[in-house]
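Colleague: The structure file structure13.tsv (TSV, C-alpha atoms) is provided below.
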chain	number	residue	atom	x	y	z
J	1	MET	CA	98.14	26.46	62.58
J	2	THR	CA	95.79	25.60	59.68
J	3	ILE	CA	96.85	23.60	56.58
J	4	GLY	CA	94.44	22.30	53.91
J	5	GLY	CA	91.52	23.37	56.05
J	6	GLN	CA	92.72	21.47	59.06
J	7	SER	CA	93.97	23.16	62.24
J	8	SER	CA	96.52	21.86	64.65
J	9	ALA	CA	95.39	20.97	68.08
J	10	THR	CA	95.94	23.58	70.83
J	11	ASP	CA	98.98	22.93	72.92
J	12	PRO	CA	100.73	25.01	75.63
J	13	SER	CA	103.85	25.01	73.57
J	14	ASP	CA	102.20	27.02	70.81
J	15	GLN	CA	101.17	29.98	73.06
J	16	PHE	CA	102.47	33.61	72.45
J	17	THR	CA	102.11	36.26	75.16
J	18	TYR	CA	101.52	39.95	74.27
J	19	LEU	CA	103.22	42.23	76.87
J	20	ALA	CA	101.99	45.68	77.79
J	21	PRO	CA	104.48	48.42	76.84
J	22	PRO	CA	106.85	49.30	79.69
J	23	PRO	CA	105.65	52.14	81.94
J	24	PRO	CA	107.23	55.58	81.59
J	25	THR	CA	109.97	56.66	83.95
J	26	VAL	CA	110.95	60.12	85.12
J	27	GLY	CA	114.66	60.49	85.72
J	28	ALA	CA	115.06	64.26	86.11
J	29	VAL	CA	113.20	67.56	86.20
J	30	SER	CA	114.57	70.99	85.36
J	31	PRO	CA	114.21	73.29	87.15
J	32	THR	CA	113.53	71.49	90.40
J	33	SER	CA	111.67	74.29	92.20
J	34	GLY	CA	109.28	77.15	91.61
J	35	PRO	CA	106.64	79.30	93.29
J	36	THR	CA	103.46	78.02	94.86
J	37	THR	CA	101.51	80.08	92.35
J	38	GLY	CA	102.59	77.64	89.62
J	39	GLY	CA	103.48	78.74	86.10
J	40	THR	CA	107.02	77.34	86.12
J	41	ALA	CA	108.06	75.92	82.73
J	42	ILE	CA	109.69	72.54	83.36
J	43	THR	CA	111.51	69.98	81.24
J	44	ILE	CA	110.93	66.31	82.19
J	45	THR	CA	113.52	63.76	81.15
J	46	GLY	CA	112.83	60.02	81.23
J	47	THR	CA	111.80	57.03	79.09
J	48	ASN	CA	108.81	55.54	77.30
J	49	PHE	CA	106.96	58.79	76.72
J	50	ASP	CA	104.41	58.83	73.91
J	51	ALA	CA	101.99	61.26	72.33
J	52	THR	CA	99.23	60.28	74.76
J	53	ALA	CA	101.30	61.18	77.81
J	54	THR	CA	99.81	63.33	80.54
J	55	VAL	CA	101.60	64.90	83.51
J	56	THR	CA	100.62	65.56	87.10
J	57	VAL	CA	102.54	67.50	89.75
J	58	GLY	CA	101.61	66.54	93.28
J	59	GLY	CA	98.39	65.07	91.90
J	60	SER	CA	97.35	68.20	89.98
J	61	ALA	CA	97.39	68.26	86.19
J	62	ALA	CA	100.21	70.16	84.55
J	63	THR	CA	99.32	72.45	81.67
J	64	GLY	CA	100.95	73.03	78.31
J	65	VAL	CA	102.14	69.43	78.07
J	66	SER	CA	104.26	68.89	74.96
J	67	VAL	CA	105.84	65.50	74.22
J	68	VAL	CA	109.07	66.37	72.46
J	69	SER	CA	110.29	62.78	72.21
J	70	ALA	CA	110.13	59.43	73.94
J	71	THR	CA	112.61	60.84	76.48
J	72	GLN	CA	111.50	64.49	76.92
J	73	ILE	CA	108.31	66.31	77.84
J	74	ASN	CA	107.84	70.03	78.38
J	75	ALA	CA	105.07	71.27	80.71
J	76	THR	CA	104.01	74.04	83.09
J	77	THR	CA	103.46	73.51	86.80
J	78	PRO	CA	100.03	74.05	88.35
J	79	ALA	CA	99.55	75.98	91.61
J	80	HIS	CA	100.30	73.93	94.71
J	81	ALA	CA	100.97	74.30	98.40
J	82	ALA	CA	104.56	74.82	99.50
J	83	GLY	CA	106.56	71.62	99.74
J	84	VAL	CA	107.85	68.72	97.63
J	85	ALA	CA	105.65	67.19	94.92
J	86	ASP	CA	106.27	64.17	92.65
J	87	ILE	CA	105.96	64.66	88.90
J	88	VAL	CA	104.18	61.67	87.40
J	89	VAL	CA	103.97	60.92	83.68
J	90	ILE	CA	101.10	58.66	82.53
J	91	ALA	CA	101.55	56.93	79.15
J	92	GLY	CA	99.57	53.99	77.81
J	93	GLY	CA	97.55	54.07	80.98
J	94	GLN	CA	100.65	53.41	83.10
J	95	PRO	CA	102.08	55.98	85.53
J	96	SER	CA	105.73	56.50	86.26
J	97	ALA	CA	106.85	55.37	89.69
J	98	ALA	CA	107.67	58.11	92.20
J	99	ASN	CA	111.39	58.55	92.84
J	100	PRO	CA	113.78	61.28	94.03
J	101	GLY	CA	114.51	62.34	90.45
J	102	ASP	CA	110.90	63.40	89.79
J	103	GLN	CA	110.58	65.73	92.78
J	104	PHE	CA	109.66	69.38	92.33
J	105	THR	CA	109.75	71.76	95.30
J	106	TYR	CA	107.11	74.44	95.59
J	107	LEU	CA	108.47	77.56	97.26
J	108	VAL	CA	106.54	80.38	98.85
J	109	PRO	CA	107.16	83.40	96.56
J	110	ALA	CA	110.10	85.47	97.79
J	111	PRO	CA	109.02	88.75	99.36
J	112	THR	CA	109.74	92.01	97.58
J	113	VAL	CA	110.39	95.48	98.97
J	114	THR	CA	109.27	98.26	96.64
J	115	ALA	CA	109.26	101.38	98.82
J	116	LEU	CA	110.15	102.81	102.24
J	117	THR	CA	108.77	105.75	104.20
J	118	PRO	CA	110.78	107.66	105.29
J	119	THR	CA	113.91	106.91	103.29
J	120	SER	CA	116.43	108.38	105.74
J	121	GLY	CA	117.11	108.72	109.46
J	122	THR	CA	119.73	109.07	112.14
J	123	THR	CA	122.78	106.87	112.70
J	124	ALA	CA	121.48	106.31	116.22
J	125	GLY	CA	118.61	104.30	114.77
J	126	GLY	CA	115.11	104.50	116.19
J	127	THR	CA	113.49	105.76	112.98
J	128	ALA	CA	110.01	104.32	112.48
J	129	ILE	CA	109.69	103.10	108.89
J	130	THR	CA	106.88	101.69	106.77
J	131	ILE	CA	107.92	99.00	104.28
J	132	THR	CA	105.77	98.40	101.21
J	133	GLY	CA	106.10	95.28	99.06
J	134	THR	CA	104.62	91.83	98.45
J	135	SER	CA	104.42	88.34	99.96
J	136	PHE	CA	104.84	89.39	103.58
J	137	ASP	CA	103.46	87.12	106.29
J	138	ALA	CA	103.40	86.93	110.08
J	139	THR	CA	106.80	85.20	110.19
J	140	ALA	CA	108.57	88.01	108.35
J	141	THR	CA	111.81	89.42	109.73
J	142	VAL	CA	113.52	92.65	108.67
J	143	THR	CA	117.16	93.67	108.45
J	144	VAL	CA	118.62	97.06	107.60
J	145	GLY	CA	122.11	96.85	106.20
J	146	GLY	CA	122.40	93.40	107.75
J	147	SER	CA	121.34	94.50	111.25
J	148	ALA	CA	118.00	93.36	112.67
J	149	ALA	CA	115.23	95.93	112.79
J	150	THR	CA	113.16	96.11	115.96
J	151	GLY	CA	109.45	96.49	116.56
J	152	VAL	CA	108.58	94.55	113.41
J	153	SER	CA	104.81	94.53	112.85
J	154	VAL	CA	103.33	92.81	109.78
J	155	VAL	CA	100.27	94.89	108.96
J	156	SER	CA	99.35	92.97	105.81
J	157	ALA	CA	100.85	90.98	102.96
J	158	THR	CA	102.01	94.29	101.49
J	159	GLN	CA	102.98	96.38	104.54
J	160	ILE	CA	105.37	96.04	107.47
J	161	ASN	CA	106.16	98.62	110.15
J	162	ALA	CA	109.56	98.50	111.86
J	163	THR	CA	112.20	100.57	113.64
J	164	THR	CA	115.70	101.01	112.28
J	165	PRO	CA	118.75	99.79	114.23
J	166	ALA	CA	121.81	101.98	114.79
J	167	ARG	CA	124.30	101.99	111.92
J	168	PRO	CA	127.11	104.12	110.51
J	169	ALA	CA	126.26	106.84	108.01
J	170	GLY	CA	125.54	105.61	104.49
J	171	VAL	CA	122.99	103.71	102.41
J	172	ALA	CA	121.61	100.36	103.62
J	173	ASP	CA	119.21	97.89	101.97
J	174	VAL	CA	116.07	96.95	103.89
J	175	ILE	CA	115.60	93.20	103.43
J	176	VAL	CA	112.48	91.21	104.35
J	177	THR	CA	112.81	87.47	104.91
J	178	VAL	CA	109.83	85.10	104.83
J	179	SER	CA	110.06	81.29	105.13
J	180	GLY	CA	113.78	81.39	104.45
J	181	GLN	CA	113.47	83.52	101.33
J	182	SER	CA	114.74	87.10	101.29
J	183	SER	CA	113.76	90.04	99.16
J	184	ALA	CA	116.29	91.02	96.50
J	185	ALA	CA	118.12	94.31	97.06
J	186	ASN	CA	116.88	97.09	94.79
J	187	PRO	CA	116.76	100.90	94.72
J	188	GLY	CA	113.32	100.92	96.32
J	189	ASP	CA	114.56	99.31	99.54
J	190	ARG	CA	117.38	101.76	100.28
J	191	PHE	CA	117.49	103.62	103.59
J	192	THR	CA	120.05	106.38	104.10
J	193	TYR	CA	121.65	106.83	107.50
J	194	LEU	CA	122.46	110.51	107.92
J	195	ALA	CA	125.60	111.51	109.80
J	196	PRO	CA	125.21	114.01	112.66
J	197	PRO	CA	126.49	117.51	111.94
J	198	ALA	CA	130.05	118.36	112.92
J	199	ALA	CA	130.93	122.01	113.49
J	200	SER	CA	134.64	122.77	113.24
J	201	ALA	CA	135.20	126.53	113.07
J	202	VAL	CA	133.57	129.97	113.19
J	203	THR	CA	134.81	132.97	111.18
J	204	PRO	CA	135.45	135.47	112.68
J	205	ALA	CA	136.17	133.60	115.91
J	206	SER	CA	135.27	136.50	118.24
J	207	GLY	CA	132.93	139.43	118.47
J	208	SER	CA	131.06	141.85	120.67
J	209	THR	CA	129.02	140.72	123.63
J	210	LEU	CA	126.20	142.72	122.08
J	211	GLY	CA	125.94	140.29	119.19
J	212	GLY	CA	124.95	141.39	115.71
J	213	ALA	CA	128.14	140.11	114.06
J	214	SER	CA	127.93	138.24	110.75
J	215	VAL	CA	129.63	134.87	111.10
J	216	THR	CA	130.34	131.83	108.92
J	217	LEU	CA	130.28	128.37	110.46
J	218	THR	CA	132.12	125.53	108.72
J	219	GLY	CA	131.80	121.79	109.26
J	220	THR	CA	130.10	118.75	107.73
J	221	SER	CA	126.66	117.17	107.34
J	222	PHE	CA	124.66	120.37	107.78
J	223	GLN	CA	121.04	119.93	106.68
J	224	SER	CA	118.59	122.50	105.38
J	225	GLY	CA	116.61	123.81	108.33
J	226	ALA	CA	119.45	123.39	110.82
J	227	THR	CA	119.49	125.67	113.88
J	228	VAL	CA	122.56	127.07	115.64
J	229	THR	CA	123.19	128.31	119.17
J	230	PHE	CA	126.09	130.32	120.54
J	231	GLY	CA	126.44	129.65	124.24
J	232	GLY	CA	122.80	128.56	124.31
J	233	ASN	CA	121.51	131.68	122.54
J	234	THR	CA	120.05	131.30	119.05
J	235	LEU	CA	121.93	132.46	115.98
J	236	THR	CA	119.63	134.63	113.84
J	237	SER	CA	119.29	135.05	110.07
J	238	VAL	CA	120.55	131.48	109.65
J	239	THR	CA	121.27	130.34	106.09
J	240	VAL	CA	122.41	126.79	105.41
J	241	VAL	CA	124.50	127.49	102.33
J	242	ASN	CA	125.42	123.84	101.81
J	243	ALA	CA	126.37	120.75	103.79
J	244	THR	CA	129.59	122.40	104.99
J	245	THR	CA	128.66	126.08	105.45
J	246	ILE	CA	126.18	128.03	107.57
J	247	THR	CA	125.97	131.80	107.90
J	248	GLY	CA	124.11	133.90	110.47
J	249	THR	CA	124.14	136.77	112.94
J	250	THR	CA	125.41	136.32	116.49
J	251	PRO	CA	123.10	136.80	119.48
J	252	SER	CA	124.20	138.81	122.51
J	253	HIS	CA	126.02	136.99	125.29
J	254	ALA	CA	128.23	137.64	128.28
J	255	ALA	CA	131.97	137.87	127.65
J	256	GLY	CA	133.96	134.65	127.27
J	257	ALA	CA	134.37	131.59	125.08
J	258	VAL	CA	131.17	129.72	124.19
J	259	ASP	CA	130.24	126.43	122.54
J	260	VAL	CA	128.62	126.56	119.12
J	261	VAL	CA	125.98	123.85	118.60
J	262	VAL	CA	124.41	122.90	115.26
J	263	THR	CA	121.18	120.87	115.37
J	264	ASN	CA	119.78	119.30	112.22
J	265	PRO	CA	116.03	118.81	111.65
J	266	ASP	CA	116.48	115.11	112.51
J	267	ALA	CA	117.53	116.24	116.04
J	268	GLN	CA	121.15	115.15	115.61
J	269	SER	CA	123.58	117.79	116.80
J	270	GLY	CA	127.26	118.61	116.77
J	271	THR	CA	129.23	120.88	119.09
J	272	CYS	CA	132.25	123.03	118.37
J	273	THR	CA	133.63	123.50	121.88
J	274	GLY	CA	134.72	127.05	122.72
J	275	CYS	CA	134.73	128.01	119.06
J	276	TYR	CA	133.57	131.59	119.55
J	277	SER	CA	134.66	134.23	122.07
J	278	TYR	CA	132.54	137.14	123.16
J	279	VAL	CA	134.61	140.23	123.87
J	280	ALA	CA	133.45	142.72	126.50
J	281	THR	CA	132.17	145.90	124.88
J	282	ALA	CA	131.28	148.43	127.57
J	283	PRO	CA	129.71	151.70	126.40
J	284	THR	CA	131.92	154.71	125.72
J	285	ILE	CA	130.77	157.74	127.70
J	286	SER	CA	131.16	161.25	126.27
J	287	ASN	CA	129.90	164.81	126.47
J	288	VAL	CA	129.03	164.85	130.18
J	289	GLN	CA	127.18	168.08	131.01
J	290	VAL	CA	125.47	169.47	134.10
J	291	SER	CA	122.76	172.09	134.43
J	292	VAL	CA	122.18	173.51	137.91
J	293	ALA	CA	118.73	174.95	138.55
J	294	PRO	CA	118.84	178.23	140.56
J	295	ASN	CA	117.03	178.21	143.93
J	296	LYS	CA	115.66	174.66	143.30
J	297	ARG	CA	118.21	172.43	145.00
J	298	SER	CA	118.48	170.25	141.85
J	299	ALA	CA	120.80	169.56	138.96
J	300	THR	CA	120.32	167.78	135.64
J	301	ILE	CA	123.21	165.74	134.29
J	302	THR	CA	123.34	164.65	130.65
J	303	TRP	CA	125.76	162.52	128.65
J	304	SER	CA	126.07	160.34	125.55
J	305	THR	CA	127.11	156.74	124.89
J	306	ASP	CA	128.18	155.12	121.65
J	307	ILE	CA	125.79	152.18	122.14
J	308	PRO	CA	122.44	151.88	123.90
J	309	ALA	CA	122.88	151.71	127.67
J	310	ASP	CA	121.07	152.45	130.94
J	311	SER	CA	121.50	155.61	133.06
J	312	GLN	CA	122.55	156.24	136.66
J	313	VAL	CA	124.53	158.90	138.57
J	314	GLU	CA	126.64	158.46	141.69
J	315	TYR	CA	127.08	161.66	143.68
J	316	GLY	CA	128.08	163.18	147.02
J	317	THR	CA	129.98	166.03	148.62
J	318	THR	CA	133.28	164.17	148.42
J	319	THR	CA	134.87	161.70	146.03
J	320	ALA	CA	133.53	159.00	148.31
J	321	TYR	CA	130.14	159.99	146.83
J	322	GLY	CA	127.67	157.98	148.90
J	323	ALA	CA	124.42	158.31	146.92
J	324	PHE	CA	122.97	156.99	143.66
J	325	SER	CA	120.14	158.23	141.53
J	326	PRO	CA	117.46	155.63	140.74
J	327	LEU	CA	118.54	153.34	137.89
J	328	ASP	CA	116.86	154.14	134.59
J	329	GLY	CA	116.96	150.77	132.77
J	330	THR	CA	115.93	152.18	129.39
J	331	LEU	CA	118.73	151.52	126.88
J	332	VAL	CA	119.46	154.79	125.09
J	333	THR	CA	122.45	156.70	123.70
J	334	SER	CA	121.37	160.14	125.02
J	335	HIS	CA	121.10	160.15	128.80
J	336	SER	CA	119.57	162.58	131.30
J	337	VAL	CA	119.30	162.24	135.08
J	338	THR	CA	117.98	164.91	137.46
J	339	LEU	CA	119.25	164.99	141.05
J	340	THR	CA	116.90	166.52	143.59
J	341	GLY	CA	116.95	167.33	147.29
J	342	LEU	CA	120.41	168.85	147.10
J	343	THR	CA	121.80	171.37	149.62
J	344	ARG	CA	122.14	174.91	148.28
J	345	PHE	CA	125.52	176.52	147.86
J	346	THR	CA	127.28	173.16	148.11
J	347	THR	CA	129.87	171.58	145.84
J	348	TYR	CA	129.00	168.04	144.73
J	349	HIS	CA	131.15	165.39	143.12
J	350	TYR	CA	129.51	163.03	140.61
J	351	ARG	CA	130.18	160.45	137.97
J	352	VAL	CA	127.85	158.77	135.50
J	353	TYR	CA	127.21	155.03	135.03
J	354	SER	CA	125.97	153.25	131.87
J	355	ARG	CA	125.57	149.50	131.30
J	356	ASN	CA	124.97	147.87	127.94
J	357	SER	CA	122.39	145.12	127.25
J	358	VAL	CA	124.58	142.40	128.74
J	359	GLY	CA	125.48	144.38	131.85
J	360	GLU	CA	128.94	145.62	130.93
J	361	LEU	CA	129.51	148.81	132.85
J	362	ALA	CA	131.21	152.08	131.92
J	363	ILE	CA	131.91	154.74	134.61
J	364	SER	CA	132.94	158.29	133.80
J	365	GLU	CA	135.65	160.30	135.49
J	366	ASP	CA	134.81	162.55	138.44
J	367	PHE	CA	133.00	165.84	137.80
J	368	THR	CA	131.75	168.60	140.12
J	369	PHE	CA	129.02	171.19	140.27
J	370	THR	CA	127.91	173.74	142.87
J	371	THR	CA	124.29	174.30	143.74
J	372	ARG	CA	122.76	177.79	143.97
For the structure just supplied, provide its representation as structure tokens.

Modeller:
Amino acid sequence: MTIGGQSSATDPSDQFTYLAPPPPTVGAVSPTSGPTTGGTAITITGTNFDATATVTVGGSAATGVSVVSATQINATTPAHAAGVADIVVIAGGQPSAANPGDQFTYLVPAPTVTALTPTSGTTAGGTAITITGTSFDATATVTVGGSAATGVSVVSATQINATTPARPAGVADVIVTVSGQSSAANPGDRFTYLAPPAASAVTPASGSTLGGASVTLTGTSFQSGATVTFGGNTLTSVTVVNATTITGTTPSHAAGAVDVVVTNPDAQSGTCTGCYSYVATAPTISNVQVSVAPNKRSATITWSTDIPADSQVEYGTTTAYGAFSPLDGTLVTSHSVTLTGLTRFTTYHYRVYSRNSVGELAISEDFTFTTR
């Protein structure tokens, strides 16, 4: 102290100590996590912030630092490796002390699934799919509708190949999980499990063994391009009208009940057991005629059938017959067979045979002629 030009002597009791301002503290951060790529807007709450304050996250400078007040700072996180990082505020040259309240967790970006190829397959599973998206890595796992896919192969950060598991018919989301984070369900990740076809009835339920009948097959889950067999023979002129109706033309088949099998392009099939019956349709023989050649020991026998059939004659001098002409396997409706080597002036008994394309046989009544 100075009075009248004279100063008091220095004494410990007259000393005044200037204290540095208290260091800042960080009590909370919101939000507390974000991607490793940075760019997360955060709000830092604490004490003793001032206009000179700077912010680091895990030792890297935050950007966009804005001191709102002595207790709040807004900033943006820098890029950082995955893990926990302390947020440190430096004000007046003093840093805040690390504590649990200042921790920010960097998360690997969640994977995304944007597209699938193909987008549908069988309920039996086993469909090879290609998944397109982002942030895939070698640890990635894949589920389809909650069931684990098999054969998962991470081709790159944007492509995974996998095989679908078996599941009931319907739509399922394909989810990729990396480092504990799963892709969000979205329309681009949907895989449709297609139900196998189910055939329930054929109208009409019976027809000729010769085939050629127009039929309508009803059921469910028919797909465009489906094929149909009747007793193992292929239905022709197939039209898949819709998911419940198929029309076509029956193939030929031996008499009896047969299974009708529908096979979709995805190789799934459905069987209607014994749904169609083939009814025997032997030819009808008519207009049997004989022409006996004079002095030539031969006779020509002709007849007609209502459907194409082969030709053969059984003959002999009694109704026991005993001889056959060679079988002519050509299927025709007008038939002619010449018998040779006959004995002159002898009465012969004969009857004609015709078989249709599936072997159903018609035999005429007994006729006679006398050679000359």

Colleague: Starting from the point (121.4, 108.9, 108.3), work out which residues of protein, DNA or RNA have an atom no more than 7 Å away when counting all atoms listed in the file; state them as a ChimeraX atom specification.

Modeller: /J:120-123,169-170,192-195

Colleague: Within 8 Å of (123.7, 151.5, 127.0), all atoms listed in the file: residues as a list of chain:residue names?

Modeller: J:Pro283, J:Thr305, J:Asp306, J:Ile307, J:Pro308, J:Ala309, J:Asp310, J:Ser311, J:Leu331, J:Val332, J:Thr333, J:Ser354, J:Arg355, J:Asn356, J:Ser357

Colleague: So which one's closest to Val88 of chain J, J:Thr239, J:Thr25, J:Gln312, J:Thr117? Using all atoms listed in the file, please.

Modeller: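 The closest residue to Val88 of chain J is J:Thr25.
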
Colleague: Can you list, as a list in words, every protein, DNA or RNA residue that comes within 6 Å of segment 94-102 of chain J when you count all atoms listed in the file, leaving out same-chain residues fewer than 5 positions away?

Modeller: Pro23, Pro24, Thr25, Val26, Gly27, Ala28, Val29, Asp86, Ile87, Val88 and Val89 of chain J

Colleague: Name the closest residue to Ile42 of chain J among the candidates J:Ala70, J:Gly322, J:Pro21, J:Pro78; distances are taken between atoms, counting all atoms listed in the file.

Modeller: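 Using all atoms listed in the file, Ile42 of chain J sits closest to J:Pro78.
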
Colleague: What lies within 7 Å of Thr302 of chain J using all atoms listed in the file, ignoring chain neighbours under 4 positions off, as a PDB file with C-alpha atoms, keeping the file's coordinate frame?

Modeller:
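Written out: out-v6.pdb:
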ATOM      1  CA  VAL J 288     129.030 164.850 130.180  1.00  0.00           C
ATOM      2  CA  GLN J 289     127.180 168.080 131.010  1.00  0.00           C
ATOM      3  CA  VAL J 290     125.470 169.470 134.100  1.00  0.00           C
ATOM      4  CA  HIS J 335     121.100 160.150 128.800  1.00  0.00           C
ATOM      5  CA  SER J 336     119.570 162.580 131.300  1.00  0.00           C
ATOM      6  CA  VAL J 337     119.300 162.240 135.080  1.00  0.00           C
TER       7      VAL J 337
END

Colleague: What is the distance, in Å and to one decimal place, between atom CA of Thr371 of chain J and atom CA of Asp328 of chain J?

Modeller: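 Value for the atom CA of Thr371 of chain J-atom CA of Asp328 of chain J distance: 23.4 Å.
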
Colleague: Quick one: everything within 8 Å of Ala124 of chain J, counting all atoms listed in the file, minus sequence neighbours fewer than 5 positions away in the same chain. Send it as a PDB file with C-alpha atoms, in the coordinates of the input.

Modeller:
ATOM      1  CA  PRO J 165     118.750  99.790 114.230  1.00  0.00           C
ATOM      2  CA  ALA J 166     121.810 101.980 114.790  1.00  0.00           C
ATOM      3  CA  ARG J 167     124.300 101.990 111.920  1.00  0.00           C
TER       4      ARG J 167
END

Colleague: Please determine, counting only C-alpha atoms, which residue among J:Ser364, J:Ser334, J:Ser135, J:Thr317 has the shortest atom-to-atom distance to Tyr348 of chain J.

Modeller: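 Once distances to Tyr348 of chain J are computed over only C-alpha atoms, the minimum belongs to J:Thr317.
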
Colleague: Point out the residue among J:Gly125, J:Thr37, J:Thr56, J:Thr43 with the least atom-to-atom distance to Pro109 of chain J, counting all atoms listed in the file.

Modeller: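 Smallest separation from Pro109 of chain J among the options: J:Thr37.
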